[in-house]
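Novice: Below is the structure I would like to discuss, written out as C-alpha cells.
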Amino acid sequence: MRKVLALVLAAVLCLSLLSACGTAPASDGGNTPAQEKTDEAAEDTQQADTEEAEAEPAGDIPVIKVSYPCLVITPSADAVVDVEKTINARLDELNAGVHMQLEAIDGMQYATTVDMEQIGGEKVDLYMALGNLSDMVAGNKVTDISAYRDILSVVTDITGDTFLDATVFDGKLYGVPCYKGSVLTYYWVVPTEIAEDDLGLKVGDRVTVDDITGYLEIMHEKYPDQIAMGVRPGSNGSANQFCLSAIYGGPRNFSVTGLLSAGIGASTIGIVGDDLTVVDLYETDYFKKVCDTAYAWNQAGYVNKDASVATEEGYDLMKAGRCLSYLIGYGGCDPKITDADTDTTHGRSVMMIPVDQNLNMPTGLDWCVSYGCEDPEAAVKALTYFYTDPIVMNTLLYGVEGRDWINTGFNDDPMDPIIQRPEGFDALSVPYNAQFTCGIMGNEFIDWVVADEKGEYEDLREAHLEFMQSAPNSPIFGFSFNTANVKNQIAAISNVEAKYLGGLLTGEMDPDVYIPQLVEELKQAGIAEVITEAQAQLDAWNSK
Amino acid sequence: MPQDAVKKKRSKRVNYIPLFLMMLPGVAYLIVNNYLPMFGITIAFKNLDYAKGILRSDWVGFTNFEFLFKTKDFGIMMRNTLLYNLVFIFGGLIASLAIAVMMTEIGKWRIAKIIQPIICFPNMVSIIIVAYLVYGFLGGDGWVNNTLLHGNGISWYSEPKYWPFILVLVHFWKGAGYGSIIYIATMSGIDKGLYEAARLDGATKWQQITKITIPIIRPMIILMTLMAVGRIFNSDFGLFLQVPMDSGQLYSVTQTIDTYVYRALMKLNDVSMSSAASVFQAIAGFALVLASNLMVRKVDPDSSLF
C-alpha cells in the first residue's frame with residue numbers, strides 16, 4: 001500500500017513539473033515572471049498587439065512592428081490599439097501597402113527591452129537606435145537597407161541628400177536619422193533678481209566663461225553660504241561636470257568634434273577646429289582649459305562640496321534655496337531667445353543667458369530595421385511615413401482625435417491643425433500621448449503645435465528649422481566612428497576615464513598633476529590604436 | 001513484523017523506483033536550469049553576431065578576455081576583490097558566530113524576539129538607500145563633517161585611505177546579522193544536555209563555546225566557508241559601486257572585477273565581453289573551491305564537500 005502511495009506521489013510530482021514547463025512558454029514569449037512585473041507597460045502593449053493581430057488577419061498586407069520609446073508616460077495597451085487602427089486606416093487611404101503594429105515601450109527600459117527581444121528572437125522590425133547605431137552595426141543587429149534608397153528618396157527630398165550619410169558604415173546604409181536639429185545651446189541659468197541687481201545683466205546679454213568666473217566671485221562674496229555654481233550630475237556612469245567641455249568645444253571657443261563620447265559633452269578622441277587629424281583630446285589645450293576653469297571654481301569654493309559625487313541637479317538645489325546658478329544645454333532653441341523662466345522647476349524667476357553652442361552634429365537618433373525583419377522593404381516603406389505624412393506621424397505622437405486631442409480650429413489646414421487636449425485632460429492624463437517622444441520620432445517639422453488649456457500656443461517650428469540650418473556644421477558632419485575593431489581598448493579606456501573625469505571636470509583634482517597621469521594611463525589602455533583606427537576611417541571617409 | 005530477507009534483497013531495486021521517480025523532477029530542474037545554460041559559456045569565446053545567433057557566431061579565442069588584462073588596473077582589481085573577500089569571509093565568519101552565540105544565549109529571554117529581527121533588518125535595506133545613508137554621514141554637509149568634526153571636515157569621497165574601513169564596516173553592518181541565522185539554527189539543534197553536563201563539571205561559558213558549540217557546528221562552518229570561497233572573485237556590486245558614489249578618486253580601493261566590467265561595458269553593451277569576465281570569475285572561483293576542498297579533506301575528511 002505504501003509503495004503504491006509513493007508511486008502515485010512521485011508521478012504527481014513529475015506531472016506537476018511537466019505541466020509547469022508546458023504552460024510557461026505558451027502564455028508569453030518566454031519572459032520570466034520578474035521581467036513581466038518590471039515591464040508591465042510593455043507587456044500590456046504586447047498583449048494588445050496579439051489581440052489586434054488576432055482580430056484582424058492582415059491578409060496580403062505586411063505588418064511592420066514599430067517599437068518606440070515613450071518618455072515620461074507610457075500609454076496603456078487599450079489606448080495603443082486605437083492609435084494603431086487610426087494609423088492603419090490612414091495607410092490604407094494612402095495605398096501604402098503596409099500596416100503597422102505598435103509597441104510602446106517605457107523609455108527608461110527601451111534599450112534593454114528591445115535588446116532582449118532581439119536576442120530572444122522575438123519579432124522586432126523598426127526600432128530606434130538611441131545613439132548606439134555603431135555598436136548595433138558591430139553586433140550585426142541591424143539590416144543593411146542600402147537596396148531601398150529609392151524608397152527613401154521621399155525622405156531625402158525633404159531633408160537634403162547628405163541626410164543619410166551619418167548612418168552609412170562601410171558603404172552600407174543602416175538607418176534613417178530623425179530630422180531635427182542637434183545643436184545644444186548652453187545657458188547660464190541665474191535668478192533674475194541676482195542677474196539684474198548684483199551683476200547688472202539684462203535679457204539679451206551673452207556671456208563667456210571668463211565673464212562667469214568674474215560673476216561667480218561677486219556672487220560668492222555676497223552669498224557665501226550658497227553654492228554659486230551647481231554641478232550637473234552625470235548619469236549611467238558618466239562623470240559629474242559643469243558642461244564646460246561642451247561649452248569650450250563650441251564654435252566660439254575651440255570648435256571640437258568628438259568621435260567617441262565620454263559622457264555628457266565630453267569626448268575621448270576627436271578633431272580640433274578644421275584640422276582633420278584625430279587627437280587624444282585629453283592632451284589638448286582645450287581639455288586643459290576645461291579642467292583649469294573647473295579647478296579654479298572648485299578651489300575658490302564656488303561649487304558644491306564633494307562635487308564629483310553630488311547627485312542633486314542645480315535646479316533642485318536652487319528650488320531648495322541652496323544654489324545660485326548652473327550651466328545647462330537645451331536643444332533646438334534659438335540662441336537669441338533668452339528666456340525669463342518663472343516655472344516651478346526653479347522656485348524663483350530665472351534668466352537664461354546664452355554662453356555658447358556646440359557644433360551641429362548628427363543626432364545619433366536613428367531608426368533602423370532589425371536583423372530579424374522578414375520584410376525590410378515594407379519596413380523602410382512604413383518608416384517613410386514618419387517623415388512625409390503628418391497624420392501618421394502625429395497620430396503616433398498625439399493619439400486619436402476626440403479622445404486624446406481636439407482640433408482648436410485656429411489653423412484651417414486639416415493636415416496641420418493646432419490641437420488641444422480634450423476638456424478636463426492634460427498631457428499626462430489623456431489615454432494616449434507619446435508627445436514627449438517627439439524629438440526622436442521622425443520629421444520634427446511636421447509635428448503639430450499643441451495649445452495649452454487657455455488656448456495659447458507658440459509655433460517655433462520655422463525658427464527651429466532656420467536655427468538648425470544656420471548652425472555651424474562640424475567639418476566632418478556625417479562621419480561616425482565604427483568601434484568594432486577596438487572594443488578591448490575602448491573598454492579599458494572607459495575605466496581610466498571613469499577614474500579621472502569626475503575629479504578633473506569638477507575641479508577636485510589638480511589638472512597639472514592628474515592630466516599627465518590620465519594621459520599616461522590612456523596610453524597603456526591603448527588609445528593610440530583607437531586613434532589610428534579612427535584616423536584611417538576618417539581618411540577613407542574624407543577621400544570620397 | 002518479520003520480513004523475508006531474500007525477498008527484501010530481490011525487491012530492493014524495485015523499492016527504489018518511487019525514490020528515483022521522486023528525484024526525476026529535481027534532476028530535470030537541475031539540468032534545465034543549471035547545466036543547459038552552461039553552454040552559454042561559449043559566448044565568451046565568440047564575437048556574438050545577432051544575425052547568426054549564438055551557435056553560428058565566429059570563434060575569436062581569448063580576444064574577449066583581453067580588456068580585463070589590458071591595464072595596470074588588473075592588479076588593483078584582483079587585489080581588491082580578493083582581499084576584501086578574504087576579510088568578508090573570515091571576518092564575517094567571526095562576526096556571525098559571535099552574534100549567533102549571543103543570540104542563542106539570550107534566546108530564552110523574551111527580548112530575543114525583538115533583537116533578532118533588528119539585527120537582520122539592515123540586510124533588507126536596499127544598497128542604494130545604504131549608499132545615501134553613508135552619504136548622509138560622510139558627504140560634504142554630512143553629519144560627520146558638520147557635527148563630529150565641527151565643520152573642518154574631510155573630503156571623504158576623495159580620500160581613498162579611509163574606504164577599506166568604511167566598506168568593511170558597511171558590509172558587516174548590513175550582512176553580519178543575517179549571516180548568523182544559519183548558525184543560530186544549527187546551534188539551536190544542539191542537545192541542551194551537553195551544556196548542562198558541562199556546567200556540572202564546572203566549565204565556563206567560554207569553555208562551553210569552544211569545547212561544545214564550535215566542534216558541533218564545525219561542518220556547517222566549513223561548508224559555508226567553502227561556498228563563500230567559490231564566489232571569491234565576485235564582489236558585492238552595490239557595495240563597491242553605489243556606496244562610494246562611484247567616485248573615480250577612490251578606484252584604487254574600490255575597483256573590483258565586477259565594477260571594472262560594468263564601467264568597461266556601460267558604453268559597449270558587449271555581451272561576449274561581459275560573459276568573458278564572468279567565465280573568468282567562475283573558473284577561477286571553481287579552481288579555488290577545488291583547492292580548498294582538497295585542503296579540508298587532508299585535515300578533516302569528514303567535513304569536506306566531496
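Chain identifiers are assigned as A, B, and so on, following the order in which chains appear in the C-alpha cells; residues are numbered from 1 within each chain, and ligands are numbered from 1 in order of appearance.
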Skip region 534-537 of chain A itself and residues of its chain fewer than 2 positions away, then list as a ChimeraX atom specification all residues within 7 Å of it, counting only C-alpha atoms.

Specialist: /A:277-278,481,530-532,539-541

Novice: Deliver the residues from the most recent selection as a file, using N, CA and C atoms, as a tab-separated table (two decimals), in the first residue's frame.

Specialist:
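Saved file again_37.tsv follows:
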```
chain	number	residue	atom	x	y	z
A	277	THR	N	43.06	65.93	-38.23
A	277	THR	CA	43.90	64.96	-37.53
A	277	THR	C	43.20	64.54	-36.24
A	278	VAL	N	43.01	63.25	-36.08
A	278	VAL	CA	42.37	62.75	-34.86
A	278	VAL	C	43.37	62.81	-33.71
A	481	PHE	N	32.28	57.01	-36.22
A	481	PHE	CA	33.40	56.12	-35.97
A	481	PHE	C	32.86	54.74	-35.62
A	530	VAL	N	43.27	53.21	-30.96
A	530	VAL	CA	41.95	53.76	-31.26
A	530	VAL	C	42.08	54.96	-32.19
A	531	ILE	N	43.09	55.81	-31.92
A	531	ILE	CA	43.29	56.99	-32.77
A	531	ILE	C	43.66	56.56	-34.19
A	532	THR	N	44.56	55.59	-34.30
A	532	THR	CA	44.97	55.11	-35.63
A	532	THR	C	43.75	54.60	-36.40
A	539	ASP	N	40.02	59.18	-42.85
A	539	ASP	CA	40.69	59.44	-44.14
A	539	ASP	C	39.91	58.78	-45.27
A	540	ALA	N	39.47	57.55	-45.03
A	540	ALA	CA	38.71	56.84	-46.06
A	540	ALA	C	37.41	57.59	-46.37
A	541	TRP	N	36.77	58.09	-45.33
A	541	TRP	CA	35.51	58.82	-45.48
A	541	TRP	C	35.74	60.11	-46.24
```

Novice: With only C-alpha atoms as the counted atoms, please give the residues lying no more than 9 Å from Glu283 (chain A), apart from itself and same-chain residues fewer than 6 positions off, as a count of residues only.

Specialist: 3

Novice: Please identify every residue of chain B that has at least one atom no more than 8 Å from any atom of chain A, counting only C-alpha atoms, and report them as a ChimeraX atom specification.

Specialist: /B:15,17-19,21-22,24-25,48-51,64,66-68,70-71,139-141,155,157-158,245-251,260,263-266,268-269

Novice: Contacts of Tyr315 (chain A) at 9 Å or less, counting only C-alpha atoms, minus same-chain residues fewer than 2 places along, as a list in words?

Specialist: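 Neighbouring residues, sequence-local ones excluded: Val189, Gly230, Glu312, Glu313, Leu317, Met318, Lys319, Ala320, Cys323, Leu324, Ser325, Tyr326, Thr345, His346 and Gly347 of chain A.
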
Novice: Write out as a JSON list (two decimals) with N, CA and C atoms, in the first residue's frame each polymer residue whose atoms come within 7 Å of Arg252 (chain A), counting only C-alpha atoms; drop sequence neighbours fewer than 2 positions from it.

Specialist:
```json
[["chain", "number", "residue", "atom", "x", "y", "z"],
["A", 250, "GLY", "N", 32.65, 74.46, -28.25],
["A", 250, "GLY", "CA", 31.74, 75.13, -29.18],
["A", 250, "GLY", "C", 32.46, 76.00, -30.20],
["A", 254, "PHE", "N", 36.90, 76.36, -28.96],
["A", 254, "PHE", "CA", 37.89, 75.51, -29.63],
["A", 254, "PHE", "C", 37.34, 74.75, -30.84],
["A", 356, "ASP", "N", 27.45, 79.54, -25.18],
["A", 356, "ASP", "CA", 27.94, 79.09, -26.49],
["A", 356, "ASP", "C", 27.07, 77.92, -26.89]]
```

Novice: Mind pulling up the distance from CA of Ile94 (chain B) to CA of Lys205 (chain B)?

Specialist: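 Rounded to one decimal, the two atoms are 17.1 Å apart.
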
Novice: Report the distance between CA of Val290 (chain A) and CA of Tyr186 (chain A) in Å, rounded to one decimal place.

Specialist: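 Straight-line distance from CA of Val290 (chain A) to CA of Tyr186 (chain A) works out to 14.8 Å.
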
Novice: Can you tell me, as a list in words, what residues are no more than 12 Å from Ile127 (chain B) when counting only C-alpha atoms, ignoring any on the same chain fewer than 3 positions away?

Specialist: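 Skipping anything fewer than 3 positions along the chain leaves Pro122, Asn123, Met124, Val130, Ala131, Tyr132, Leu133, Val134, Val170, His171, Trp173, Lys174, Gly175, Asp236, Phe237, Gly238, Leu239, Phe240, Leu241, Gln242, Val243, Pro244 and Met245 of chain B.
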
Novice: Work out how far apart CA of Val296 (chain B) and CA of Leu223 (chain B) are and give it in Å to one decimal.

Specialist: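 Going from CA of Val296 (chain B) over to CA of Leu223 (chain B) covers 10.1 Å.
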
Novice: When you look at region 293-296 of chain A with a cut-off of 12 Å (counting only C-alpha atoms), what residues show up, excluding the ones that are within fewer than 2 positions of it in the same chain? I need them as a PyMOL selection string.

Specialist: chain A and resi 209-214+216-217+229-231+240-245+247-248+286-291+298-304+307-308+501-514

Novice: Enumerate as an NGL selection string all residues of region 164-371 of chain A assigned to strand (DSSP E or B) by DSSP on the backbone, naming them with the chain letters and numbers the document uses.

Specialist: :A and (168-169 or 172-173 or 176-177 or 179 or 184-191 or 227 or 229-230 or 232 or 241 or 256-258 or 261 or 267 or 269-272 or 279-280 or 303 or 323 or 326-331 or 340-341 or 350-357 or 360 or 365-370)

Novice: My list of candidates is A:Ile446, A:Ile158, A:Ile328, A:Leu133. Which is closest to Ile353 (chain A) when distances are computed with only C-alpha atoms?

Specialist: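 Nearest candidate to Ile353 (chain A) out of A:Ile446, A:Ile158, A:Ile328, A:Leu133: A:Ile328.
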